[in-house]
Amino acid sequence: MSSTTNPSTHHTSTIGAIGAPSRRNTELALLVFAVLIPVFAYANVGLAINDEVPAGLLSYGLGLGLLAGVGHLVVRRFAPYSDPLLLPLATLLNGLGLVAIWRLDQSELLQSIDQAGNAAPRQLIYTAMGIALFVAVLVFLKDHRVLQRYTYISMVGALFLLLLPLVPGLGKNIYGAKIWIQVGSFSIQPGEFAKIVLAIFFAGYLMVKRDALALASRRFMGLYLPRGRDLGPILVVWIVSILILVFETDLGTSLLFFGMFVIMLYVATERTSWIVFGMLMSAVGAVGVATFEPHIQQRVDAWLDPMREFALSRANQVGHSEQAMQALWAFGSGGTLGTGWGQGHSELIRFAANSDFILATFGEELGLAGLMALLLLYALIVERGVRTALAARDPFGKLLAIGLSGAFALQVFVVAGGVMGLIPLTGMTMPFLAYGGSSVIANWALIGILLRISDTARRPAPAAPANPDAEMTQVVRP
Amino acid sequence: MNKPLRRIAIFCGLLVLTLLIRDNWLQYVQADELKEDEHNRRVAIERYASPRGDIIVDGNAITGHATTEGDFKYKRTYKDGAMWAPVTGYVSQAYGATQIEAINDGILTGNDDRLFFRNTLDMITGKKREGGNVVTTLNGAAQKAAYDGLKKQGAKGAVVALEPSTGKILSMASYPSYDPTSIAGGDDAAGEAWTKLQKKNDPDDPMLNRALREVYPPGSTFKVVTAAAALENDLYGSADEKTDSPLPWTMPGTTTELPNEGDLPCKDATLREALRVSCNTVFGKVGSDLGNEKMLEEAKKFGFTEEQFVPVRSSASVFSEDMAPSEVAQSSIGQFNTAASPLQMAMVASAVANNGTLMKPYMVDELQAPNLDTIEKTDPEEMSKPLSADNAQILQSMMETVVEDGTGTNAQIDGVKVGGKTGTAQHGVDNSENPYAWFLSYAKGDDGGAPVAVAVVIEDENAGRDDISGGGLAAPIAKNVMEAVIDSKK
């Protein structure tokens with residue numbers, strides 16, 4: 001442990017071996033908090049609901065601690081210079097999510113409509129699977145640039161994943177959005193995995209084409225217009241996004257993929273015109289589809305007037321849901337400081353209370369203060385991701401890191417904004433917090449890739465070829 | 001590539017900032033509005049999360065609470081619910097609240113602003129919120145006498161008893177009634193009970209509070225008001241001076257004679273004699289001689305044409321304006337458009353018994369905090385002075401004659417001076433339906449003050465027309481109520 005920190009503390013100035021601190025001990029210290037905070041929260045829920053410390057406290061704490069510990073050891077061994085904040089942040093969010101899911105498991109109302117009951121143990125298994133994938137990424141992906149080789153395979157893979165929910169018999173329609181597939185007793189959201197695979201494809205593709213896209217353009221009214229043939233890729237992605245919107249009726253996924261592409265395109269080409277084009281195209285696409293797709297229209301109506309939607313739902317109108325209004329009431333009832341763990345009534349949201357709407361539980365029980373802290377945790381993950389992109393030395397790494405963190409930020413915005421009534425509701429879930437295997441597993445893989453990129457970025461350059469003379473004369477040892 | 005990366009970083013920062021601003025808007029600016037929205041079930045969950053405070057009669061709670069399934073923890077229960085329903089009203093997890101339960105909901109649930117400081121202290125010390133109590137003015141024995149009396153008759157009816165010197169409501173019964181406990185829950189049983197109680201399913205309309213919310217033609221009991229008007233306007237100076245009353249008497253502007261109930265000695269009868277045998281001709285002519293305006297003025301002084309808030313709202317009693325002289329004559333004997341709630345007629349008896357001063361009727365004596373501290377106490381309040389003390393004493397002697405030697409002998413109580421007036425009101429098209437039997441009375445104590453004034457009305461659809469008279473059906477109930485009050489004072 002101490003050997004890895006030595007170069008920094010002694011600040012040697014050997015040529016070519018500028019020692020960056022590995023920060024692994026910082027990570028370990030943060031991880032202790034990231035495990036302890038959810039354990040206290042867990043005890044708090046038990047005390048509030050059943051007036052006793054929950055029986056599973058020890059095993060839960062040990063389980064989370066073990067997973068975090070494994071993650072930490074693997075990082076220490078396989079990515080020693082990686083960012084120290086990402087693992088603790090993800091662990092904390094994942095742990096708090098488990099607490100909230102367990103808290104909703106205690107609700108008799110949710111049990112009676114089969115929306116909760118044994119979700120927390122399953123989520124713990126998903127977390128274990130997520131950490132396993134995280135470990136696999138760090139162990140087997142020695143260098144992220146290897147992914148560059150799979151650019152076009154990634155494209156095919158991403159399209160395959162995106163189209164899976166449309167396969168008859170496999171796809172599942174849940175509350176109007178067709179973004180799930182059913183395998184045995186598990187529902188999988190392939191979109192969560194497609195997010196990562198697509199980022200790999202975009203990064204690989206744009207790295208190769210960036211010069212052509214950036215330089216071969218005409219200036220028109222202050223904007224650089226790309227050549228027609230360079231417009232091809234963005235048009236293709238746009239059309240795919242529109243198709244997702246039309247066939248899977250999910251605004252969130254569509255927005256996420258298109259947004260991610262525009263961000264990466266902008267970073268690759270440094271042309272602001274792409275942002276303008278991207279926004280225009282998404283606006284045209286969204287408005288165009290919304291005019292003839294009733295499910296999207298209904299989501300928009302529910303967003304504009306949630307109270308009316310509530311009334312329609314109460315009047316037993318088919319296809320209407322009181323969730324949106326119930327979520328707003330949950331936030332409002334939480335107020336500034338919240339009711340405290342286990343003392344709110346977010347179970348009134350009923351369907352998807354522990355997945356899409358889990359943020360409402362945090363809002364009600366932890367209040368404005370707690371929810372802002374939670375949002376800042378997400379902001380920190382994004383910030384660490386962007387920092388990784390800045391620090392990365394290769395364009396592929398930069399693009400992949402910004403693509404993944406940008407998509408993460410967009411997802412947080414789209415989900416949190418939807419639940420808080422800022423934008424229409426979509427069918428996506430809060431990364432790490434929400435109940436759902438695909439989301440947890442895919443996001444742990446995402447953190448793994450970011451750690452790998454940051455490890456490569458911050459790793460000291462290989463030591464200079466052995467030159468005993470130089471070393472003798474230049475090394476200063478206190 | 002770092003310049004666009006920094007811009008993307010700023011963009012992501014803006015996304016998070018937008019979320020934070022929205023969160024502040026929701027959970028700070030709009031929080032109270034969302035929290036208190038009537039459709040937000042948390043409001044109801046909170047409301048039923050702790051036992052309600054009690055409604056108190058004679059120092060004992062007439063309410064209680066029971067735990068229920070589901071997210072509403074407690075429901076209301078009532079002791080002798082049917083008897084007390086016109087006083088308490090109901091509070092139901094499914095159907096809201098009425099009467100005292102609704103009006104004093106804040107105190108009973110503990111949410112009243114006046115309990116704020118206490119609640120804040122409780123929150124800090126971790127004590128559970130409790131509801132306060134509502135102490136009523138009612139008299140348990142009088143209420144029981146009234147309700148049992150109505151139940152024994154088995155006919156629709158109502159009783160109101162007041163304490164004339166203060167306006168305290170001592171008894172307020174309505175029959176048929178309902179047990180509010182049956183609809184207090186939010187379950188299917190409560191739903192069925194509720195459906196059964198609705199007027200469309202039960203023609204007897206048991207949830208109607210007849211004591212306050214039904215107005216009946218008061219019939220001959222209204223002659224007390226007419227007599228008061230005659231004395232107050234100096235039409236006649238005493239109870240024993242002969243009146244100018246021809247018999248038969250043809251109503252002015254018509255060729256119709258106003259009939260008496262039988263062959264009564266009404267020609268030029270004194271007011272005392274006219275009241276004793278209940279002469280329509282004498283009081284009809286008094287009314288038409290005084291005119292619409294003066295009759296209305298006197299009726300208003302007794303509380304007619306205004307809704308009363310005790311604090312539960314009562315229906316306004318009716319005495320019309322702009323009537324023809326013949327209509328005024330009929331109105332003055334409690335027919336035509338004249339209509340009064342049982343509370344209104346109890347107020348008439350109460351004002352006469354209290355030497356002409358009408359006290360504002362009320363039934364909530366005190367609001368108590370959960371630790372029984374007084375939060376609010378109702379002080380007796382003078383409402384109006386319908387007649388002078390001298391005239392009131394003249395009217396008292398007339399009403400006492402009615403009970404000693406007239407139509408109201410059934411209300412006599414040994415050793416107690418009782419004044420009263422019977423009434424038998426016609427109603428329906430061409431008076432085809434069964435009349436209402438009325439009796440209003442007061443009892444006097446040894447000190448000259450009157451501890452109780454009562455009004456009783458019975459709608460008897462089964463008895464024959466002739467059997468119905470205020471003296472026969474209603475007076476015995478009034479007597480029992482008065483006795484109950486006098487006994488409880490001993």
# chains A, B, ... in the order shown; residues from 1 in each chain; ligands from 1

call {"tool": "interface_residues", "arguments": {"of": "chain B", "to": "chain A", "cutoff": "6 Å", "atoms": "only C-alpha atoms", "output": "ChimeraX atom specification"}}
result
/B:4,26-28,31,34-35

call {"tool": "write_last_selection", "arguments": {"atoms": "C-alpha atoms", "output": "short mmCIF file (atom, residue, chain, number, x, y, z; two decimals), in the first residue's frame"}}
result
data_model
loop_
_atom_site.label_atom_id
_atom_site.label_comp_id
_atom_site.auth_asym_id
_atom_site.auth_seq_id
_atom_site.Cartn_x
_atom_site.Cartn_y
_atom_site.Cartn_z
CA PRO B 4 -15.31 21.61 -26.39
CA LEU B 26 -40.97 21.86 -5.83
CA GLN B 27 -39.80 21.25 -2.31
CA TYR B 28 -39.54 24.81 -1.06
CA ALA B 31 -44.08 22.51 -0.93
CA LEU B 34 -48.58 20.33 -2.61
CA LYS B 35 -48.49 19.12 0.96
#

call {"tool": "residues_around", "arguments": {"residues": "range 179-193 of chain A", "least_positions_apart": "5", "cutoff": "8 Å", "atoms": "only C-alpha atoms", "output": "ChimeraX atom specification"}}
result
/A:161-162,164-165,170-174,248,250,253,427,437-439,442-443

call {"tool": "write_last_selection", "arguments": {"atoms": "C-alpha atoms", "output": "mmCIF file, in the first residue's frame"}}
result
data_model
loop_
_atom_site.group_PDB
_atom_site.id
_atom_site.type_symbol
_atom_site.label_atom_id
_atom_site.label_comp_id
_atom_site.auth_asym_id
_atom_site.auth_seq_id
_atom_site.Cartn_x
_atom_site.Cartn_y
_atom_site.Cartn_z
ATOM 1 C CA LEU A 161 -29.649 -4.454 -28.561
ATOM 2 C CA LEU A 162 -31.863 -1.522 -29.490
ATOM 3 C CA LEU A 164 -34.401 -6.531 -29.311
ATOM 4 C CA PRO A 165 -37.507 -5.150 -27.579
ATOM 5 C CA LEU A 170 -39.413 -11.224 -26.540
ATOM 6 C CA GLY A 171 -40.292 -7.566 -26.168
ATOM 7 C CA LYS A 172 -42.481 -6.446 -23.322
ATOM 8 C CA ASN A 173 -44.732 -3.432 -23.181
ATOM 9 C CA ILE A 174 -44.721 -1.887 -19.722
ATOM 10 C CA GLU A 248 -40.487 1.777 -28.646
ATOM 11 C CA ASP A 250 -39.669 6.040 -25.362
ATOM 12 C CA THR A 253 -33.902 6.547 -24.697
ATOM 13 C CA GLY A 427 -39.240 5.194 -19.116
ATOM 14 C CA GLY A 437 -30.836 -5.382 -12.961
ATOM 15 C CA SER A 438 -29.949 -3.983 -16.387
ATOM 16 C CA SER A 439 -29.449 -0.490 -15.094
ATOM 17 C CA ALA A 442 -24.651 -1.636 -17.128
ATOM 18 C CA ASN A 443 -23.780 1.370 -14.999
#

call {"tool": "select_by_dssp", "arguments": {"residues": "range 351-422 of chain B", "states": "strand (DSSP E)", "output": "count of residues only"}}
result
20

call {"tool": "residues_around", "arguments": {"residues": "Gly157 in chain A", "least_positions_apart": "6", "cutoff": "10 Å", "atoms": "only C-alpha atoms", "output": "PDB file with C-alpha atoms, in the first residue's frame"}}
result
ATOM      1  CA  TYR A 150     -14.496  -3.261 -32.326  1.00  0.00           C
ATOM      2  CA  THR A 151     -15.947  -0.026 -33.719  1.00  0.00           C
ATOM      3  CA  LEU A 163     -34.032  -3.627 -31.756  1.00  0.00           C
ATOM      4  CA  PHE A 193     -26.254  -1.777 -22.370  1.00  0.00           C
ATOM      5  CA  ALA A 194     -26.691  -0.232 -25.790  1.00  0.00           C
ATOM      6  CA  VAL A 197     -21.784  -0.097 -26.795  1.00  0.00           C
ATOM      7  CA  LEU A 198     -22.967   2.873 -28.834  1.00  0.00           C
ATOM      8  CA  PHE A 201     -18.933   2.860 -31.729  1.00  0.00           C
TER       9      PHE A 201
END

call {"tool": "select_by_dssp", "arguments": {"residues": "range 16-141 of chain B", "states": "helix (DSSP H, G or I)", "output": "PyMOL selection string"}}
result
chain B and resi 16-29+31-35+41-47+81-88+99-103+105-109+113-125+140-141

call {"tool": "write_last_selection", "arguments": {"atoms": "C-alpha atoms", "output": "PDB file, in the first residue's frame"}}
result
ATOM      1  CA  VAL B  16     -27.649  19.683 -12.807  1.00  0.00           C
ATOM      2  CA  LEU B  17     -28.278  23.320 -11.902  1.00  0.00           C
ATOM      3  CA  THR B  18     -31.638  23.157 -13.661  1.00  0.00           C
ATOM      4  CA  LEU B  19     -32.525  20.085 -11.622  1.00  0.00           C
ATOM      5  CA  LEU B  20     -31.484  21.807  -8.396  1.00  0.00           C
ATOM      6  CA  ILE B  21     -33.577  24.863  -9.212  1.00  0.00           C
ATOM      7  CA  ARG B  22     -36.564  22.703 -10.059  1.00  0.00           C
ATOM      8  CA  ASP B  23     -36.089  20.801  -6.822  1.00  0.00           C
ATOM      9  CA  ASN B  24     -36.085  24.048  -4.840  1.00  0.00           C
ATOM     10  CA  TRP B  25     -39.203  25.131  -6.645  1.00  0.00           C
ATOM     11  CA  LEU B  26     -40.974  21.859  -5.829  1.00  0.00           C
ATOM     12  CA  GLN B  27     -39.796  21.254  -2.311  1.00  0.00           C
ATOM     13  CA  TYR B  28     -39.535  24.809  -1.065  1.00  0.00           C
ATOM     14  CA  VAL B  29     -41.693  27.221  -3.031  1.00  0.00           C
ATOM     15  CA  ALA B  31     -44.077  22.506  -0.931  1.00  0.00           C
ATOM     16  CA  ASP B  32     -46.920  23.729   1.292  1.00  0.00           C
ATOM     17  CA  GLU B  33     -49.381  23.909  -1.560  1.00  0.00           C
ATOM     18  CA  LEU B  34     -48.584  20.330  -2.606  1.00  0.00           C
ATOM     19  CA  LYS B  35     -48.495  19.115   0.961  1.00  0.00           C
ATOM     20  CA  ARG B  41     -53.820  11.312   0.509  1.00  0.00           C
ATOM     21  CA  ARG B  42     -51.175  12.202   3.074  1.00  0.00           C
ATOM     22  CA  VAL B  43     -53.563  14.853   4.383  1.00  0.00           C
ATOM     23  CA  ALA B  44     -56.104  12.161   5.196  1.00  0.00           C
ATOM     24  CA  ILE B  45     -53.485   9.720   6.449  1.00  0.00           C
ATOM     25  CA  GLU B  46     -52.247  12.391   8.825  1.00  0.00           C
ATOM     26  CA  ARG B  47     -55.798  13.196   9.857  1.00  0.00           C
ATOM     27  CA  GLY B  81     -74.646   7.206  18.314  1.00  0.00           C
ATOM     28  CA  ALA B  82     -78.219   7.465  17.066  1.00  0.00           C
ATOM     29  CA  MET B  83     -79.276   9.542  20.053  1.00  0.00           C
ATOM     30  CA  TRP B  84     -76.366  11.961  19.744  1.00  0.00           C
ATOM     31  CA  ALA B  85     -76.061  12.082  15.938  1.00  0.00           C
ATOM     32  CA  PRO B  86     -77.943  15.416  15.619  1.00  0.00           C
ATOM     33  CA  VAL B  87     -75.363  16.923  17.984  1.00  0.00           C
ATOM     34  CA  THR B  88     -72.124  15.285  16.918  1.00  0.00           C
ATOM     35  CA  GLN B  99     -71.710  19.361  12.272  1.00  0.00           C
ATOM     36  CA  ILE B 100     -69.500  19.589  15.386  1.00  0.00           C
ATOM     37  CA  GLU B 101     -67.132  16.997  13.950  1.00  0.00           C
ATOM     38  CA  ALA B 102     -66.592  19.252  10.950  1.00  0.00           C
ATOM     39  CA  ILE B 103     -66.779  22.672  12.585  1.00  0.00           C
ATOM     40  CA  ASP B 105     -62.251  19.456  13.253  1.00  0.00           C
ATOM     41  CA  GLY B 106     -59.067  21.420  13.928  1.00  0.00           C
ATOM     42  CA  ILE B 107     -59.374  21.038  17.696  1.00  0.00           C
ATOM     43  CA  LEU B 108     -60.469  17.395  17.496  1.00  0.00           C
ATOM     44  CA  THR B 109     -57.587  16.393  15.210  1.00  0.00           C
ATOM     45  CA  ASP B 113     -53.539  26.883  14.859  1.00  0.00           C
ATOM     46  CA  ARG B 114     -54.218  27.547  18.524  1.00  0.00           C
ATOM     47  CA  LEU B 115     -52.503  24.223  19.268  1.00  0.00           C
ATOM     48  CA  PHE B 116     -49.489  25.095  17.128  1.00  0.00           C
ATOM     49  CA  PHE B 117     -47.140  25.958  19.973  1.00  0.00           C
ATOM     50  CA  ARG B 118     -48.116  22.829  21.871  1.00  0.00           C
ATOM     51  CA  ASN B 119     -47.681  20.697  18.736  1.00  0.00           C
ATOM     52  CA  THR B 120     -44.254  22.151  18.082  1.00  0.00           C
ATOM     53  CA  LEU B 121     -43.238  21.324  21.636  1.00  0.00           C
ATOM     54  CA  ASP B 122     -44.606  17.810  21.224  1.00  0.00           C
ATOM     55  CA  MET B 123     -42.664  17.412  17.996  1.00  0.00           C
ATOM     56  CA  ILE B 124     -39.442  18.353  19.746  1.00  0.00           C
ATOM     57  CA  THR B 125     -40.090  16.083  22.717  1.00  0.00           C
ATOM     58  CA  GLY B 140     -77.497  13.760  28.917  1.00  0.00           C
ATOM     59  CA  ALA B 141     -80.699  13.022  30.845  1.00  0.00           C
TER      60      ALA B 141
END

call {"tool": "atom_distance", "arguments": {"atom1": "CA of Val419 in chain A", "atom2": "CA of Gly130 in chain A"}}
result
25.0 Å

call {"tool": "residues_around", "arguments": {"residues": "Val286 in chain B", "least_positions_apart": "4", "cutoff": "10 Å", "atoms": "only C-alpha atoms", "output": "list of chain:residue names"}}
result
B:Lys223, B:Thr226, B:Ala227, B:Ala229, B:Ala230, B:Leu235, B:Tyr236, B:Thr243, B:Asp244, B:Ser245, B:Leu271, B:Asn280, B:Thr281, B:Val282, B:Leu290, B:Gly291, B:Met295, B:Val328, B:Ala329, B:Ser332, B:Ile333

call {"tool": "write_last_selection", "arguments": {"atoms": "C-alpha atoms", "output": "PDB file, in the first residue's frame"}}
result
ATOM      1  CA  LYS B 223     -99.922  32.362  18.408  1.00  0.00           C
ATOM      2  CA  THR B 226     -98.717  36.897  17.603  1.00  0.00           C
ATOM      3  CA  ALA B 227     -99.693  37.510  21.243  1.00  0.00           C
ATOM      4  CA  ALA B 229     -96.769  41.302  18.859  1.00  0.00           C
ATOM      5  CA  ALA B 230    -100.180  42.381  20.147  1.00  0.00           C
ATOM      6  CA  LEU B 235    -102.944  46.555  20.405  1.00  0.00           C
ATOM      7  CA  TYR B 236    -104.123  45.123  23.730  1.00  0.00           C
ATOM      8  CA  THR B 243    -110.528  41.767  22.402  1.00  0.00           C
ATOM      9  CA  ASP B 244    -112.437  43.049  19.429  1.00  0.00           C
ATOM     10  CA  SER B 245    -113.103  39.645  17.931  1.00  0.00           C
ATOM     11  CA  LEU B 271    -105.977  37.020  24.944  1.00  0.00           C
ATOM     12  CA  ASN B 280    -107.838  31.052  15.282  1.00  0.00           C
ATOM     13  CA  THR B 281    -110.280  33.929  14.843  1.00  0.00           C
ATOM     14  CA  VAL B 282    -108.815  36.072  17.632  1.00  0.00           C
ATOM     15  CA  LEU B 290    -101.284  44.723  13.185  1.00  0.00           C
ATOM     16  CA  GLY B 291    -100.413  44.208   9.559  1.00  0.00           C
ATOM     17  CA  MET B 295     -95.897  40.908  12.535  1.00  0.00           C
ATOM     18  CA  VAL B 328    -101.253  37.782   7.137  1.00  0.00           C
ATOM     19  CA  ALA B 329    -104.172  36.484   9.220  1.00  0.00           C
ATOM     20  CA  SER B 332    -100.359  34.747  12.237  1.00  0.00           C
ATOM     21  CA  ILE B 333    -101.862  31.423  13.300  1.00  0.00           C
TER      22      ILE B 333
END

call {"tool": "residues_around", "arguments": {"residues": "Tyr42 in chain A", "least_positions_apart": "6", "cutoff": "12 Å", "atoms": "only C-alpha atoms", "output": "ChimeraX atom specification"}}
result
/A:35-36,48-50,52-61,64,95-104,120,340-342

call {"tool": "residues_around", "arguments": {"residues": "Cys279 in chain B", "least_positions_apart": "6", "cutoff": "10 Å", "atoms": "only C-alpha atoms", "output": "PyMOL selection string"}}
result
chain B and resi 220+223+259-267+269+271+273+333

call {"tool": "write_last_selection", "arguments": {"atoms": "C-alpha atoms", "output": "PDB file, in the first residue's frame"}}
result
ATOM      1  CA  SER B 220    -101.055  27.364  16.817  1.00  0.00           C
ATOM      2  CA  LYS B 223     -99.922  32.362  18.408  1.00  0.00           C
ATOM      3  CA  PRO B 259    -112.571  28.584  11.142  1.00  0.00           C
ATOM      4  CA  ASN B 260    -111.808  27.545  14.700  1.00  0.00           C
ATOM      5  CA  GLU B 261    -111.094  23.946  15.691  1.00  0.00           C
ATOM      6  CA  GLY B 262    -114.557  23.232  17.024  1.00  0.00           C
ATOM      7  CA  ASP B 263    -117.151  25.371  18.763  1.00  0.00           C
ATOM      8  CA  LEU B 264    -114.882  27.517  20.914  1.00  0.00           C
ATOM      9  CA  PRO B 265    -115.782  30.511  23.145  1.00  0.00           C
ATOM     10  CA  CYS B 266    -113.846  32.895  21.003  1.00  0.00           C
ATOM     11  CA  LYS B 267    -116.184  35.825  20.504  1.00  0.00           C
ATOM     12  CA  ALA B 269    -112.366  36.501  24.071  1.00  0.00           C
ATOM     13  CA  LEU B 271    -105.977  37.020  24.944  1.00  0.00           C
ATOM     14  CA  GLU B 273    -108.808  32.800  26.941  1.00  0.00           C
ATOM     15  CA  ILE B 333    -101.862  31.423  13.300  1.00  0.00           C
TER      16      ILE B 333
END

call {"tool": "residues_around", "arguments": {"residues": "range 372-374 of chain B", "least_positions_apart": "5", "cutoff": "8 Å", "atoms": "only C-alpha atoms", "output": "JSON, numbers by chain"}}
result
{"B": [132, 133, 366, 367]}

call {"tool": "closest_residue", "arguments": {"among": "B:Gly406, B:Pro361, B:Gly303, B:Pro451", "to": "Ile486 in chain B", "atoms": "only C-alpha atoms"}}
result
B:Pro451

call {"tool": "atom_distance", "arguments": {"atom1": "CA of Gln393 in chain B", "atom2": "CA of Ala437 in chain B"}}
result
26.0 Å

call {"tool": "closest_residue", "arguments": {"among": "B:Val134, B:Leu296, B:Leu212, B:Leu162", "to": "Ala316 in chain B", "atoms": "only C-alpha atoms"}}
result
B:Leu212

call {"tool": "atom_distance", "arguments": {"atom1": "CA of Ala29 in chain A", "atom2": "CA of Arg76 in chain A"}}
result
13.4 Å
